[in-house]
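Here's data04.cif, which has mmCIF, N, CA and C atoms:
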data_entry
loop_
_atom_site.label_atom_id
_atom_site.label_comp_id
_atom_site.auth_asym_id
_atom_site.auth_seq_id
_atom_site.Cartn_x
_atom_site.Cartn_y
_atom_site.Cartn_z
N MET A 31 97.68 51.16 68.75
CA MET A 31 98.83 50.32 68.91
C MET A 31 99.72 50.96 69.97
N GLU A 32 100.21 50.17 70.88
CA GLU A 32 101.11 50.68 71.91
C GLU A 32 102.55 50.35 71.53
N ARG A 33 103.43 51.33 71.73
CA ARG A 33 104.85 51.14 71.47
C ARG A 33 105.65 51.56 72.69
N HIS A 34 106.71 50.83 72.93
CA HIS A 34 107.66 51.19 73.98
C HIS A 34 108.98 51.50 73.28
N VAL A 35 109.46 52.71 73.48
CA VAL A 35 110.65 53.19 72.80
C VAL A 35 111.70 53.53 73.84
N GLY A 36 112.88 52.95 73.72
CA GLY A 36 113.97 53.23 74.64
C GLY A 36 114.52 54.64 74.45
N ASP A 37 115.19 55.15 75.46
CA ASP A 37 115.75 56.50 75.38
C ASP A 37 116.70 56.65 74.19
N ASP A 38 117.41 55.59 73.84
CA ASP A 38 118.35 55.67 72.72
C ASP A 38 117.65 55.71 71.37
N GLU A 39 116.37 55.34 71.30
CA GLU A 39 115.60 55.34 70.05
C GLU A 39 114.57 56.47 69.99
N ARG A 40 114.37 57.14 71.13
CA ARG A 40 113.27 58.10 71.25
C ARG A 40 113.36 59.25 70.24
N ALA A 41 114.53 59.85 70.07
CA ALA A 41 114.68 60.98 69.16
C ALA A 41 114.34 60.58 67.72
N ASP A 42 114.79 59.41 67.28
CA ASP A 42 114.49 58.94 65.93
C ASP A 42 112.99 58.67 65.78
N TYR A 43 112.40 58.05 66.79
CA TYR A 43 110.96 57.77 66.76
C TYR A 43 110.17 59.06 66.62
N LEU A 44 110.48 60.04 67.45
CA LEU A 44 109.76 61.31 67.40
C LEU A 44 109.98 62.02 66.06
N ALA A 45 111.17 61.97 65.53
CA ALA A 45 111.46 62.61 64.25
C ALA A 45 110.66 61.97 63.11
N ALA A 46 110.43 60.67 63.18
CA ALA A 46 109.70 59.95 62.13
C ALA A 46 108.20 60.21 62.17
N LEU A 47 107.69 60.73 63.26
CA LEU A 47 106.25 60.93 63.38
C LEU A 47 105.71 61.94 62.38
N ALA A 48 106.46 62.98 62.07
CA ALA A 48 106.00 63.98 61.11
C ALA A 48 105.76 63.34 59.74
N GLU A 49 106.68 62.49 59.31
CA GLU A 49 106.52 61.80 58.03
C GLU A 49 105.31 60.87 58.04
N ARG A 50 105.12 60.17 59.12
CA ARG A 50 103.96 59.26 59.22
C ARG A 50 102.66 60.04 59.19
N LYS A 51 102.62 61.17 59.88
CA LYS A 51 101.42 62.01 59.88
C LYS A 51 101.17 62.57 58.49
N SER A 52 102.21 62.97 57.80
CA SER A 52 102.09 63.50 56.44
C SER A 52 101.57 62.44 55.48
N ARG A 53 102.09 61.21 55.59
CA ARG A 53 101.60 60.10 54.74
C ARG A 53 100.13 59.84 55.00
N ALA A 54 99.74 59.87 56.27
CA ALA A 54 98.33 59.65 56.61
C ALA A 54 97.46 60.75 56.00
N ALA A 55 97.88 61.99 56.13
CA ALA A 55 97.10 63.11 55.60
C ALA A 55 96.95 63.01 54.08
N ALA A 56 98.00 62.54 53.39
CA ALA A 56 97.94 62.37 51.95
C ALA A 56 96.90 61.33 51.55
N MET A 57 96.61 60.40 52.47
CA MET A 57 95.61 59.35 52.20
C MET A 57 94.25 59.71 52.81
N ARG A 58 94.12 60.95 53.24
CA ARG A 58 92.89 61.42 53.87
C ARG A 58 92.60 60.62 55.14
N ALA A 59 93.65 60.36 55.89
CA ALA A 59 93.54 59.64 57.16
C ALA A 59 94.11 60.54 58.25
N HIS A 60 93.90 60.14 59.48
CA HIS A 60 94.40 60.88 60.63
C HIS A 60 95.32 59.97 61.43
N PHE A 61 96.35 60.56 62.01
CA PHE A 61 97.32 59.80 62.78
C PHE A 61 97.65 60.61 64.03
N TRP A 62 97.46 60.01 65.19
CA TRP A 62 97.75 60.66 66.46
C TRP A 62 98.68 59.78 67.28
N VAL A 63 99.53 60.41 68.08
CA VAL A 63 100.41 59.69 68.99
C VAL A 63 100.38 60.41 70.34
N PHE A 64 100.25 59.63 71.38
CA PHE A 64 100.25 60.15 72.74
C PHE A 64 101.32 59.42 73.54
N GLU A 65 102.02 60.17 74.37
CA GLU A 65 103.01 59.56 75.26
C GLU A 65 102.44 59.56 76.68
N HIS A 66 102.64 58.46 77.35
CA HIS A 66 102.15 58.33 78.73
C HIS A 66 102.73 59.44 79.59
N ALA A 67 101.92 60.00 80.46
CA ALA A 67 102.32 61.16 81.26
C ALA A 67 103.46 60.87 82.22
N THR A 68 103.54 59.64 82.71
CA THR A 68 104.57 59.34 83.71
C THR A 68 105.53 58.24 83.29
N GLU A 69 105.35 57.68 82.09
CA GLU A 69 106.23 56.62 81.60
C GLU A 69 106.85 57.04 80.27
N ARG A 70 107.98 57.70 80.36
CA ARG A 70 108.69 58.18 79.17
C ARG A 70 108.96 57.01 78.22
N GLY A 71 108.65 57.22 76.95
CA GLY A 71 108.89 56.19 75.94
C GLY A 71 107.73 55.23 75.74
N ARG A 72 106.66 55.38 76.48
CA ARG A 72 105.48 54.53 76.29
C ARG A 72 104.46 55.34 75.48
N PHE A 73 104.22 54.91 74.24
CA PHE A 73 103.37 55.64 73.31
C PHE A 73 102.16 54.83 72.90
N VAL A 74 101.09 55.52 72.59
CA VAL A 74 99.91 54.92 71.97
C VAL A 74 99.70 55.64 70.65
N GLU A 75 99.56 54.87 69.58
CA GLU A 75 99.33 55.42 68.24
C GLU A 75 97.92 55.07 67.79
N PHE A 76 97.26 56.05 67.19
CA PHE A 76 95.93 55.85 66.63
C PHE A 76 95.94 56.27 65.17
N THR A 77 95.38 55.43 64.31
CA THR A 77 95.21 55.77 62.90
C THR A 77 93.73 55.66 62.58
N GLU A 78 93.20 56.71 61.98
CA GLU A 78 91.79 56.73 61.58
C GLU A 78 91.74 56.92 60.07
N ALA A 79 91.00 56.05 59.39
CA ALA A 79 90.86 56.14 57.94
C ALA A 79 89.48 55.63 57.55
N ALA A 80 89.14 55.83 56.29
CA ALA A 80 87.81 55.47 55.81
C ALA A 80 87.57 53.96 55.77
N ASN A 81 88.66 53.18 55.64
CA ASN A 81 88.46 51.73 55.53
C ASN A 81 89.71 50.99 55.98
N ASP A 82 89.56 49.69 56.15
CA ASP A 82 90.66 48.84 56.62
C ASP A 82 91.83 48.84 55.65
N ALA A 83 91.55 48.88 54.34
CA ALA A 83 92.62 48.85 53.35
C ALA A 83 93.53 50.08 53.48
N SER A 84 92.96 51.23 53.76
CA SER A 84 93.77 52.43 53.94
C SER A 84 94.65 52.31 55.17
N ILE A 85 94.11 51.77 56.24
CA ILE A 85 94.90 51.58 57.45
C ILE A 85 96.02 50.58 57.18
N ALA A 86 95.73 49.50 56.49
CA ALA A 86 96.76 48.51 56.16
C ALA A 86 97.86 49.14 55.31
N SER A 87 97.49 49.97 54.36
CA SER A 87 98.48 50.62 53.51
C SER A 87 99.40 51.53 54.32
N LEU A 88 98.84 52.24 55.28
CA LEU A 88 99.64 53.12 56.13
C LEU A 88 100.57 52.35 57.06
N HIS A 89 100.23 51.11 57.35
CA HIS A 89 101.03 50.28 58.25
C HIS A 89 101.84 49.24 57.47
N GLY A 90 102.15 49.53 56.24
CA GLY A 90 102.96 48.61 55.44
C GLY A 90 102.21 47.35 55.06
N HIS A 91 100.93 47.46 54.83
CA HIS A 91 100.05 46.37 54.40
C HIS A 91 99.82 45.32 55.47
N ASP A 92 100.22 45.61 56.68
CA ASP A 92 99.92 44.74 57.80
C ASP A 92 98.96 45.49 58.71
N LEU A 93 97.80 44.91 58.93
CA LEU A 93 96.85 45.55 59.84
C LEU A 93 97.36 45.46 61.26
N PRO A 94 97.18 46.52 62.04
CA PRO A 94 97.55 46.44 63.46
C PRO A 94 96.78 45.30 64.13
N GLY A 95 97.23 44.85 65.27
CA GLY A 95 96.62 43.73 65.97
C GLY A 95 95.14 43.91 66.27
N GLN A 96 94.75 45.14 66.51
CA GLN A 96 93.34 45.38 66.84
C GLN A 96 92.83 46.54 65.99
N LEU A 97 91.65 46.36 65.43
CA LEU A 97 90.98 47.43 64.70
C LEU A 97 89.71 47.80 65.43
N TRP A 98 89.43 49.06 65.44
CA TRP A 98 88.19 49.57 66.03
C TRP A 98 87.43 50.30 64.95
N ARG A 99 86.13 50.17 64.94
CA ARG A 99 85.29 50.87 63.96
C ARG A 99 84.33 51.80 64.70
N GLU A 100 84.14 52.96 64.11
CA GLU A 100 83.25 53.95 64.71
C GLU A 100 81.80 53.46 64.64
N VAL A 101 81.11 53.66 65.72
CA VAL A 101 79.68 53.37 65.78
C VAL A 101 78.98 54.59 66.36
N GLN A 102 77.75 54.71 66.06
CA GLN A 102 76.95 55.82 66.59
C GLN A 102 76.08 55.27 67.71
N GLY A 103 76.10 55.93 68.82
CA GLY A 103 75.29 55.49 69.96
C GLY A 103 74.32 56.58 70.36
N GLY A 104 73.48 56.21 71.26
CA GLY A 104 72.50 57.22 71.63
C GLY A 104 72.25 57.31 73.05
#
Represent the structure of the file as structure tokens.
Amino acid sequence: MERHVGDDERADYLAALAERKSRAAAMRAHFWVFEHATERGRFVEFTEAANDASIASLHGHDLPGQLWREVQGG
């Protein structure tokens, strides 16, 4: 999921990330956030979990707009 955060909201957004990561870890999920190298406030969030229901629970029971599932390739 991509988020755009204004400078006035950035500190609060960054502070909330620790709690979100902790909630994910408690559900045996992973949560990563990356900020664009040259566009301050442009973030991409990734949540990895065992199933769609876990991801929905971490996102307030609303699934993100796009879901990706791991596949094995060769």
Can you translate the PyMOL selection byres ((chain A and resi 80) around 8) into the concrete residues it hits in this file, as a PDB file with N, CA and C atoms, keeping the file's coordinate frame?
ATOM      1  N   MET A  57      96.610  60.400  52.470  1.00  0.00           N
ATOM      2  CA  MET A  57      95.610  59.350  52.200  1.00  0.00           C
ATOM      3  C   MET A  57      94.250  59.710  52.810  1.00  0.00           C
ATOM      4  N   ARG A  58      94.120  60.950  53.240  1.00  0.00           N
ATOM      5  CA  ARG A  58      92.890  61.420  53.870  1.00  0.00           C
ATOM      6  C   ARG A  58      92.600  60.620  55.140  1.00  0.00           C
ATOM      7  N   ALA A  59      93.650  60.360  55.890  1.00  0.00           N
ATOM      8  CA  ALA A  59      93.540  59.640  57.160  1.00  0.00           C
ATOM      9  C   ALA A  59      94.110  60.540  58.250  1.00  0.00           C
ATOM     10  N   HIS A  60      93.900  60.140  59.480  1.00  0.00           N
ATOM     11  CA  HIS A  60      94.400  60.880  60.630  1.00  0.00           C
ATOM     12  C   HIS A  60      95.320  59.970  61.430  1.00  0.00           C
ATOM     13  N   THR A  77      95.380  55.430  64.310  1.00  0.00           N
ATOM     14  CA  THR A  77      95.210  55.770  62.900  1.00  0.00           C
ATOM     15  C   THR A  77      93.730  55.660  62.580  1.00  0.00           C
ATOM     16  N   GLU A  78      93.200  56.710  61.980  1.00  0.00           N
ATOM     17  CA  GLU A  78      91.790  56.730  61.580  1.00  0.00           C
ATOM     18  C   GLU A  78      91.740  56.920  60.070  1.00  0.00           C
ATOM     19  N   ALA A  79      91.000  56.050  59.390  1.00  0.00           N
ATOM     20  CA  ALA A  79      90.860  56.140  57.940  1.00  0.00           C
ATOM     21  C   ALA A  79      89.480  55.630  57.550  1.00  0.00           C
ATOM     22  N   ASN A  81      88.660  53.180  55.640  1.00  0.00           N
ATOM     23  CA  ASN A  81      88.460  51.730  55.530  1.00  0.00           C
ATOM     24  C   ASN A  81      89.710  50.990  55.980  1.00  0.00           C
ATOM     25  N   ASP A  82      89.560  49.690  56.150  1.00  0.00           N
ATOM     26  CA  ASP A  82      90.660  48.840  56.620  1.00  0.00           C
ATOM     27  C   ASP A  82      91.830  48.840  55.650  1.00  0.00           C
ATOM     28  N   ALA A  83      91.550  48.880  54.340  1.00  0.00           N
ATOM     29  CA  ALA A  83      92.620  48.850  53.350  1.00  0.00           C
ATOM     30  C   ALA A  83      93.530  50.080  53.480  1.00  0.00           C
ATOM     31  N   SER A  84      92.960  51.230  53.760  1.00  0.00           N
ATOM     32  CA  SER A  84      93.770  52.430  53.940  1.00  0.00           C
ATOM     33  C   SER A  84      94.650  52.310  55.170  1.00  0.00           C
ATOM     34  N   ILE A  85      94.110  51.770  56.240  1.00  0.00           N
ATOM     35  CA  ILE A  85      94.900  51.580  57.450  1.00  0.00           C
ATOM     36  C   ILE A  85      96.020  50.580  57.180  1.00  0.00           C
TER      37      ILE A  85
END
Once the PyMOL selection byres ((chain A and resi 63) around 8) has been applied to the shown file, what residues remain in the selection, as a list in words?
His60, Phe61, Trp62, Phe64, Glu65, His66, Phe73, Val74, Glu75, Phe76 and Thr77 of chain A
Determine which residues of chain A DSSP labels as strand (DSSP E or B) from the backbone of this structure, then write them out as a list in words.
Glu32, Arg33, His34, His60, Phe61, Trp62, Val63, Phe64, Glu65, Arg72, Phe73, Val74, Glu75, Phe76, Thr77 and Glu78 of chain A
Two-atom distance - atom C of Lys51 (chain A), atom C of Arg33 (chain A) (Å)
18.5 Å
Using only C-alpha atoms, which of A:Asp38, A:Met31, A:Gly103, A:Gln96 sits nearest Arg70 (chain A)?
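Once distances to Arg70 (chain A) are computed over only C-alpha atoms, the minimum belongs to A:Asp38.
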Report, in Å with one decimal, the straight-line distance from CA of Arg72 (chain A) to atom C of Val35 (chain A).
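Those two atoms sit 6.8 Å apart.
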Coordinates-based distance that separates atom C of Ala45 (chain A) from atom N of His89 (chain A) (Å, one decimal):
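Answer for the atom N of His89 (chain A) to atom C of Ala45 (chain A) separation: 16.1 Å.
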Would you return as a list in words the members of chain A that DSSP assigns to helix (DSSP H, G or I) on this structure's backbone?
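These are the residues in question: Asp37, Asp38, Glu39, Arg40, Ala41, Asp42, Tyr43, Leu44, Ala45, Ala46, Leu47, Ala48, Glu49, Arg50, Lys51, Ser52, Arg53, Ala54, Ala55, Ala56, Asp82, Ala83, Ser84, Ile85, Ala86, Ser87 and Leu88 of chain A.
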Generate the missing atoms of region 61-81 of chain A up to N, CA, C and O atoms and report them as a PDB file, in the frame of the given file.
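File written: result_17.pdb
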ATOM      1  N   PHE A  61      96.350  60.560  62.010  1.00  0.00           N
ATOM      2  CA  PHE A  61      97.320  59.800  62.780  1.00  0.00           C
ATOM      3  C   PHE A  61      97.650  60.610  64.030  1.00  0.00           C
ATOM      4  O   PHE A  61      98.041  61.766  63.940  1.00  0.00           O
ATOM      5  N   TRP A  62      97.460  60.010  65.190  1.00  0.00           N
ATOM      6  CA  TRP A  62      97.750  60.660  66.460  1.00  0.00           C
ATOM      7  C   TRP A  62      98.680  59.780  67.280  1.00  0.00           C
ATOM      8  O   TRP A  62      98.592  58.548  67.227  1.00  0.00           O
ATOM      9  N   VAL A  63      99.530  60.410  68.080  1.00  0.00           N
ATOM     10  CA  VAL A  63     100.410  59.690  68.990  1.00  0.00           C
ATOM     11  C   VAL A  63     100.380  60.410  70.340  1.00  0.00           C
ATOM     12  O   VAL A  63     100.472  61.636  70.395  1.00  0.00           O
ATOM     13  N   PHE A  64     100.250  59.630  71.380  1.00  0.00           N
ATOM     14  CA  PHE A  64     100.250  60.150  72.740  1.00  0.00           C
ATOM     15  C   PHE A  64     101.320  59.420  73.540  1.00  0.00           C
ATOM     16  O   PHE A  64     101.480  58.212  73.397  1.00  0.00           O
ATOM     17  N   GLU A  65     102.020  60.170  74.370  1.00  0.00           N
ATOM     18  CA  GLU A  65     103.010  59.560  75.260  1.00  0.00           C
ATOM     19  C   GLU A  65     102.440  59.560  76.680  1.00  0.00           C
ATOM     20  O   GLU A  65     101.837  60.539  77.119  1.00  0.00           O
ATOM     21  N   HIS A  66     102.640  58.460  77.350  1.00  0.00           N
ATOM     22  CA  HIS A  66     102.150  58.330  78.730  1.00  0.00           C
ATOM     23  C   HIS A  66     102.730  59.440  79.590  1.00  0.00           C
ATOM     24  O   HIS A  66     103.904  59.800  79.467  1.00  0.00           O
ATOM     25  N   ALA A  67     101.920  60.000  80.460  1.00  0.00           N
ATOM     26  CA  ALA A  67     102.320  61.160  81.260  1.00  0.00           C
ATOM     27  C   ALA A  67     103.460  60.870  82.220  1.00  0.00           C
ATOM     28  O   ALA A  67     104.276  61.749  82.506  1.00  0.00           O
ATOM     29  N   THR A  68     103.540  59.640  82.710  1.00  0.00           N
ATOM     30  CA  THR A  68     104.570  59.340  83.710  1.00  0.00           C
ATOM     31  C   THR A  68     105.530  58.240  83.290  1.00  0.00           C
ATOM     32  O   THR A  68     106.423  57.879  84.047  1.00  0.00           O
ATOM     33  N   GLU A  69     105.350  57.680  82.090  1.00  0.00           N
ATOM     34  CA  GLU A  69     106.230  56.620  81.600  1.00  0.00           C
ATOM     35  C   GLU A  69     106.850  57.040  80.270  1.00  0.00           C
ATOM     36  O   GLU A  69     106.302  56.792  79.206  1.00  0.00           O
ATOM     37  N   ARG A  70     107.980  57.700  80.360  1.00  0.00           N
ATOM     38  CA  ARG A  70     108.690  58.180  79.170  1.00  0.00           C
ATOM     39  C   ARG A  70     108.960  57.010  78.220  1.00  0.00           C
ATOM     40  O   ARG A  70     109.406  55.934  78.631  1.00  0.00           O
ATOM     41  N   GLY A  71     108.650  57.220  76.950  1.00  0.00           N
ATOM     42  CA  GLY A  71     108.890  56.190  75.940  1.00  0.00           C
ATOM     43  C   GLY A  71     107.730  55.230  75.740  1.00  0.00           C
ATOM     44  O   GLY A  71     107.812  54.363  74.875  1.00  0.00           O
ATOM     45  N   ARG A  72     106.660  55.380  76.480  1.00  0.00           N
ATOM     46  CA  ARG A  72     105.480  54.530  76.290  1.00  0.00           C
ATOM     47  C   ARG A  72     104.460  55.340  75.480  1.00  0.00           C
ATOM     48  O   ARG A  72     103.927  56.346  75.951  1.00  0.00           O
ATOM     49  N   PHE A  73     104.220  54.910  74.240  1.00  0.00           N
ATOM     50  CA  PHE A  73     103.370  55.640  73.310  1.00  0.00           C
ATOM     51  C   PHE A  73     102.160  54.830  72.900  1.00  0.00           C
ATOM     52  O   PHE A  73     102.229  53.602  72.816  1.00  0.00           O
ATOM     53  N   VAL A  74     101.090  55.520  72.590  1.00  0.00           N
ATOM     54  CA  VAL A  74      99.910  54.920  71.970  1.00  0.00           C
ATOM     55  C   VAL A  74      99.700  55.640  70.650  1.00  0.00           C
ATOM     56  O   VAL A  74      99.696  56.873  70.607  1.00  0.00           O
ATOM     57  N   GLU A  75      99.560  54.870  69.580  1.00  0.00           N
ATOM     58  CA  GLU A  75      99.330  55.420  68.240  1.00  0.00           C
ATOM     59  C   GLU A  75      97.920  55.070  67.790  1.00  0.00           C
ATOM     60  O   GLU A  75      97.472  53.933  67.958  1.00  0.00           O
ATOM     61  N   PHE A  76      97.260  56.050  67.190  1.00  0.00           N
ATOM     62  CA  PHE A  76      95.930  55.850  66.630  1.00  0.00           C
ATOM     63  C   PHE A  76      95.940  56.270  65.170  1.00  0.00           C
ATOM     64  O   PHE A  76      96.454  57.336  64.841  1.00  0.00           O
ATOM     65  N   THR A  77      95.380  55.430  64.310  1.00  0.00           N
ATOM     66  CA  THR A  77      95.210  55.770  62.900  1.00  0.00           C
ATOM     67  C   THR A  77      93.730  55.660  62.580  1.00  0.00           C
ATOM     68  O   THR A  77      93.100  54.643  62.867  1.00  0.00           O
ATOM     69  N   GLU A  78      93.200  56.710  61.980  1.00  0.00           N
ATOM     70  CA  GLU A  78      91.790  56.730  61.580  1.00  0.00           C
ATOM     71  C   GLU A  78      91.740  56.920  60.070  1.00  0.00           C
ATOM     72  O   GLU A  78      92.361  57.832  59.531  1.00  0.00           O
ATOM     73  N   ALA A  79      91.000  56.050  59.390  1.00  0.00           N
ATOM     74  CA  ALA A  79      90.860  56.140  57.940  1.00  0.00           C
ATOM     75  C   ALA A  79      89.480  55.630  57.550  1.00  0.00           C
ATOM     76  O   ALA A  79      88.757  55.049  58.370  1.00  0.00           O
ATOM     77  N   ALA A  80      89.140  55.830  56.290  1.00  0.00           N
ATOM     78  CA  ALA A  80      87.810  55.470  55.810  1.00  0.00           C
ATOM     79  C   ALA A  80      87.570  53.960  55.770  1.00  0.00           C
ATOM     80  O   ALA A  80      86.430  53.522  55.866  1.00  0.00           O
ATOM     81  N   ASN A  81      88.660  53.180  55.640  1.00  0.00           N
ATOM     82  CA  ASN A  81      88.460  51.730  55.530  1.00  0.00           C
ATOM     83  C   ASN A  81      89.710  50.990  55.980  1.00  0.00           C
ATOM     84  O   ASN A  81      90.784  51.572  56.143  1.00  0.00           O
TER      85      ASN A  81
END
